Amino acid sequence: MTEQVSTNGPSPLRSRTRTLTLWWIAAAGGLTLSVVFHMTQAFTPGTVSMLGGPEISSVYDQPSIVMFSVDLCLGVLALALLPAALTHDPMEVEESYVGPPSALVAGLVVLTVWMVSVMAAPAGAIVLISISSRLSANWTVPAVFASLLSIVVYELTMSTDLGIDWVVIAMAMGVTLALVGVGALRGTLIRRQARAAGG
């Protein structure tokens, strides 16, 4: 039996069209960011490879190809999991239910790569807003830590600086918390309007 959703008020459910639109935004934005980033790295003389060695100003340079391949793989992974991470349930209007656990798992995977892969960044931002809009500390706190893990992994494996740049981590966490705030505001408004519509 298919569960019917009331159309009298707003719902946390996201239509197939809206999910597809968000997916295309994430895909187009991620691909654009990735191409611009890697072309800049390839054609800027004197740049340093994210893998640690000096980079030759050539699009065919091996470190550049490896970097782009890693970025592409992680970006495709994030985009593949994005629809699952955005899944909602009609029961989310109830205070006691947050959403399907599969959405949390998919979202956390996306958030562990969103700051490592330029291509995955837009998908990660969308997922972070979606998770925090569910207004559950059991979902939001792991999402924040997954985002922190992502930037730490970037600093340890991809950054050109030796060690961890705590300023970069602080800035990344600032972006994370800002997106969490946007999601929390969205979730609060949706539930407030749903309660008002329900009388």
# chains A, B, ... in the order shown; residues from 1 in each chain; ligands from 1

$ residues_around --residues "Trp23 of chain A" --least-positions-apart "5" --cutoff "8 Å" --atoms "only C-alpha atoms" --output "JSON, numbers by chain"
{"A": [79, 82, 83, 123]}

$ residues_around --residues "Phe37 of chain A" --least-positions-apart "6" --cutoff "10 Å" --atoms "only C-alpha atoms" --output "list of chain:residue names"
A:Leu31, A:Phe68, A:Val118, A:Met119

$ residues_around --residues "Pro122 of chain A" --least-positions-apart "5" --cutoff "12 Å" --atoms "only C-alpha atoms" --output "count of residues only"
27

$ select_by_dssp --residues "segment 93-162 of chain A" --states "alpha helix (DSSP H)" --output "MDAnalysis selection string"
chainID A and resid 101:113 121:132 137:157

$ closest_residue --among "A:Leu148, A:Trp139, A:Ser132, A:Leu104" --to "Leu185 of chain A" --atoms "only C-alpha atoms"
A:Ser132
